[in-house]
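A short write-up of the structure that comes next.
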Amino acid sequence: MKTEKIGIIGLGLIGGSLAKTIRLRIPDTIIYAIDTDEKTRQAALEEQTVQYASPEISDDFFACDCIFLCAEIQNNIGLLEKIKNHIRPETILTDVSSVKVEVSRMIRHAGLASHFIGGHPMAGSEKSGYENANAYLFENAYYLLTPETEVPEHAVSCFTDFIKKLQVIPLVLSAEYHDYSTAAVSHFPHILAAGLVNMVKDIDDQDETMKHIAAGGFKDITRIASSSPEMWRQICLTNKTQIINMLHLFQNSLRQMETMLTENASEPIYSFFESAKEYRNSMRITSSGSILRTYHLYCDLIDAAGGIATIATILASNNLNIKNIGIIHNREFEDGVLQIEFYDSESLTNAVALLKKYHYTVYER
């Protein structure tokens, strides 16, 4: 399988990020995009993320070596009938959805099993749309693959090599185990977050006291409740069996906690939180689902107005993009320092040398 021409249907957060990542990592690739939103198509063309963008599939689109289905699940399924009548024998069809059993069933029904390698990058954001897409969303993230058994081994190998170039980590699973796993670590947490927000909304007073005093813990655990309601409606309906299993398991956990509280069981309550703490601390992952790899430095600020702006200007004028920036205070840096995070190791190395050249004190950890 060649990967010189790539087709992407849907330039939302995931499809847009995929297109931007391909453009960054494999710049010679020709990308054909399909999206119904005119502003999205125009933005993708103006940024030169894609070479071709259309509101609907044309014959030219089927010249692609690989087609990514990046729309919402039901929309992807609705395209299968048209795709099956035009897809070339050697073209790979893949998707990015977080549900695989239902998609696999519909792929087989459409007679496309010999083409289909299910895909699911384990990264995302509560934000949506092409305007929030970025070329680093998938960096160092697991990319789950669920190839149909009819797909030739050489095609699976070629596709795996292609996505490795995007700096992701491929992991092959069965469609069944994929849905079981994602129900536990992705789908159910979204339901839990939305349920918690709705509970607080329902019991809050007229002055919205709870809403106003909600601090970091509540906001952290409920951040994902801001995700697309339509997307999660479709996910829940297509993976409902596994999600119901997780609901039952969590209900058992809540009942156990209720019993421990009723019985004032101090040690079991401690063990409950200790076990969770140890397991959570063993997860070396970022908020986007990537393996933890950060590129940041700490820099003493010059005690003068505009100190942060000066540093930002120095970096920007040397084409160094800042991923995140902020002042931190802790015992290690008693007076507070500026923490600056970059997208890659090369940018970090260049930034350290540049700031030292301007006589800033720079710390690396």
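Within each chain, counting starts at residue 1; across the structure tokens, chains are named A, B, ... in the order shown, with ligands numbered 1 upward in that order.
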Using DSSP on the backbone, list every residue of segment 25-126 of chain A that comes out as strand (DSSP E), and give them as a list in words.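 These are the residues in question: Ile30, Ile31, Tyr32, Ala33, Ile34, Tyr52, Ala53, Ser54, Cys66, Ile67, Phe68, Leu69, Ile92, Leu93, Thr94, Asp95, Phe116, Ile117, Gly118, Gly119, His120 and Pro121 of chain A.
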Using C-alpha atoms, can you write the selected residues to a file as an mmCIF file, in the first residue's frame?
data_model
loop_
_atom_site.group_PDB
_atom_site.id
_atom_site.type_symbol
_atom_site.label_atom_id
_atom_site.label_comp_id
_atom_site.auth_asym_id
_atom_site.auth_seq_id
_atom_site.Cartn_x
_atom_site.Cartn_y
_atom_site.Cartn_z
ATOM 1 C CA ILE A 30 -1.096 14.990 -0.991
ATOM 2 C CA ILE A 31 -4.203 15.411 1.162
ATOM 3 C CA TYR A 32 -7.748 15.441 -0.183
ATOM 4 C CA ALA A 33 -10.318 16.622 2.373
ATOM 5 C CA ILE A 34 -14.091 16.392 2.518
ATOM 6 C CA TYR A 52 -7.870 19.811 -2.143
ATOM 7 C CA ALA A 53 -11.083 20.384 -0.188
ATOM 8 C CA SER A 54 -14.638 19.662 -1.275
ATOM 9 C CA CYS A 66 -5.771 5.567 2.202
ATOM 10 C CA ILE A 67 -9.100 7.081 3.278
ATOM 11 C CA PHE A 68 -9.660 8.226 6.867
ATOM 12 C CA LEU A 69 -13.250 8.434 8.116
ATOM 13 C CA ILE A 92 -7.009 1.106 2.765
ATOM 14 C CA LEU A 93 -10.082 2.398 4.594
ATOM 15 C CA THR A 94 -9.693 3.433 8.221
ATOM 16 C CA ASP A 95 -11.444 5.566 10.821
ATOM 17 C CA PHE A 116 -10.686 -1.821 6.700
ATOM 18 C CA ILE A 117 -8.152 -1.192 9.473
ATOM 19 C CA GLY A 118 -9.986 0.397 12.369
ATOM 20 C CA GLY A 119 -8.030 3.164 14.067
ATOM 21 C CA HIS A 120 -8.411 5.187 17.246
ATOM 22 C CA PRO A 121 -5.831 7.757 18.386
#
Residue neighbourhood Ile235 of chain A, 9 Å, only C-alpha atoms, exclusion window fewer than 2 positions, as JSON, numbers by chain: {"A": [72, 73, 97, 98, 99, 187, 230, 231, 232, 233, 237, 238, 239, 240]}
Could you write those residues out with C-alpha atoms, as a short mmCIF file (atom, residue, chain, number, x, y, z; two decimals), in the first residue's frame?
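Result went into out.cif, see below:
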data_model
loop_
_atom_site.label_atom_id
_atom_site.label_comp_id
_atom_site.auth_asym_id
_atom_site.auth_seq_id
_atom_site.Cartn_x
_atom_site.Cartn_y
_atom_site.Cartn_z
CA GLU A 72 -19.08 11.29 13.66
CA ILE A 73 -19.79 7.55 13.79
CA SER A 97 -13.83 6.52 16.11
CA SER A 98 -13.75 5.31 19.71
CA VAL A 99 -16.20 2.46 19.02
CA HIS A 187 -16.70 6.54 27.62
CA GLU A 230 -23.87 14.86 19.71
CA MET A 231 -20.61 12.95 19.55
CA TRP A 232 -21.21 11.40 22.96
CA ARG A 233 -24.82 10.57 22.16
CA LEU A 237 -25.65 4.33 21.61
CA THR A 238 -23.03 2.40 19.62
CA ASN A 239 -21.11 1.05 22.64
CA LYS A 240 -24.01 0.76 25.06
#
Residues within 12 Å of Thr349 of chain A, please, as a PyMOL selection string. Count only C-alpha atoms; anything in the same chain fewer than 3 positions from it doesn't count. chain A and resi 295-297+315+320+341-346+352-356+362-364
Polymer residues at most 9 Å from segment 214-224 of chain A, only C-alpha atoms, same-chain spacing of 4 or more positions, as JSON, numbers by chain: {"A": [125, 126, 127, 189, 190, 192, 193, 194, 196, 197, 209, 210]}
Output file for the residues above (N, CA, C and O atoms, as a compact mmCIF listing (two decimals), in the first residue's frame):
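Written out: selection-v6.txt:
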# COMPACT_ATOMS: atom_id res chain seq x y z
N SER A 125 -9.55 16.33 23.08
CA SER A 125 -9.76 17.55 23.85
C SER A 125 -11.25 17.74 24.04
O SER A 125 -12.07 17.21 23.27
N GLU A 126 -11.62 18.49 25.08
CA GLU A 126 -13.03 18.84 25.24
C GLU A 126 -13.46 19.87 24.21
O GLU A 126 -14.65 20.10 23.99
N LYS A 127 -12.48 20.48 23.53
CA LYS A 127 -12.78 21.43 22.47
C LYS A 127 -13.01 20.67 21.17
O LYS A 127 -12.57 19.54 21.02
N PRO A 189 -15.96 7.59 31.91
CA PRO A 189 -15.56 8.84 32.56
C PRO A 189 -16.31 10.06 32.05
O PRO A 189 -16.60 10.99 32.81
N HIS A 190 -16.64 10.09 30.75
CA HIS A 190 -17.42 11.22 30.23
C HIS A 190 -18.84 11.23 30.82
O HIS A 190 -19.38 12.29 31.14
N LEU A 192 -19.63 9.95 33.73
CA LEU A 192 -19.46 10.32 35.14
C LEU A 192 -19.29 11.83 35.29
O LEU A 192 -19.91 12.45 36.17
N ALA A 193 -18.49 12.43 34.42
CA ALA A 193 -18.27 13.88 34.49
C ALA A 193 -19.56 14.64 34.23
O ALA A 193 -19.91 15.58 34.96
N ALA A 194 -20.30 14.23 33.19
CA ALA A 194 -21.55 14.90 32.87
C ALA A 194 -22.58 14.70 33.97
O ALA A 194 -23.33 15.63 34.33
N LEU A 196 -21.99 14.21 37.19
CA LEU A 196 -21.61 15.02 38.35
C LEU A 196 -21.99 16.49 38.15
O LEU A 196 -22.52 17.15 39.05
N VAL A 197 -21.74 17.00 36.95
CA VAL A 197 -22.11 18.39 36.65
C VAL A 197 -23.62 18.57 36.75
O VAL A 197 -24.12 19.53 37.36
N THR A 209 -24.36 29.14 44.31
CA THR A 209 -23.21 29.12 45.21
C THR A 209 -22.21 28.03 44.83
O THR A 209 -21.00 28.26 44.77
N MET A 210 -22.72 26.84 44.56
CA MET A 210 -21.82 25.72 44.22
C MET A 210 -21.07 26.00 42.93
O MET A 210 -19.87 25.68 42.82
Would you list the contacts of segment 75-85 of chain A as an MDAnalysis selection string, taking every protein, DNA or RNA residue within 9 Å and counting only C-alpha atoms, but skipping same-chain residues closer than 3 positions in sequence? chainID A and resid 9 57 62 69:72 88 95 103 106:107 110:112
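In this structure, atom CA of Arg108 of chain A sits 29.2 Å away from atom CA of Thr29 of chain A.
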Per DSSP on the backbone, filter segment 109-358 of chain A down to the residues in alpha helix (DSSP H) and report them as a count of residues only. 122
Residues of segment 111-197 of chain A that have any atom at most 9 Å from an atom of segment 15-22 of chain A: could you tabulate them with the shortest-distance atom pair and the distance in Å to one decimal, using only C-alpha atoms, ordered by chain and increasing number, as JSON lines?
{"residue": "A:Gly129", "atom": "CA", "partner": "A:Gly16", "partner_atom": "CA", "distance": 7.8}
{"residue": "A:Tyr130", "atom": "CA", "partner": "A:Gly16", "partner_atom": "CA", "distance": 5.3}
{"residue": "A:Glu131", "atom": "CA", "partner": "A:Gly16", "partner_atom": "CA", "distance": 8.4}
{"residue": "A:Asn132", "atom": "CA", "partner": "A:Ser17", "partner_atom": "CA", "distance": 8.3}
{"residue": "A:Ala133", "atom": "CA", "partner": "A:Ser17", "partner_atom": "CA", "distance": 4.5}
{"residue": "A:Asn134", "atom": "CA", "partner": "A:Ser17", "partner_atom": "CA", "distance": 4.8}
{"residue": "A:Ala135", "atom": "CA", "partner": "A:Thr21", "partner_atom": "CA", "distance": 4.2}
{"residue": "A:Tyr136", "atom": "CA", "partner": "A:Thr21", "partner_atom": "CA", "distance": 6.7}
{"residue": "A:Leu137", "atom": "CA", "partner": "A:Ser17", "partner_atom": "CA", "distance": 6.5}
{"residue": "A:Phe138", "atom": "CA", "partner": "A:Ser17", "partner_atom": "CA", "distance": 7.9}
{"residue": "A:Glu139", "atom": "CA", "partner": "A:Thr21", "partner_atom": "CA", "distance": 8.8}
{"residue": "A:Ile163", "atom": "CA", "partner": "A:Ile22", "partner_atom": "CA", "distance": 9.0}
{"residue": "A:Lys165", "atom": "CA", "partner": "A:Ile22", "partner_atom": "CA", "distance": 8.4}
{"residue": "A:Leu166", "atom": "CA", "partner": "A:Thr21", "partner_atom": "CA", "distance": 6.4}
Determine the nearest neighbour of Met122 of chain A from the options A:Val185, A:Leu24, A:Ala312, A:Ala63, counting only C-alpha atoms.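 Among the listed residues, the smallest separation from Met122 of chain A belongs to A:Val185.
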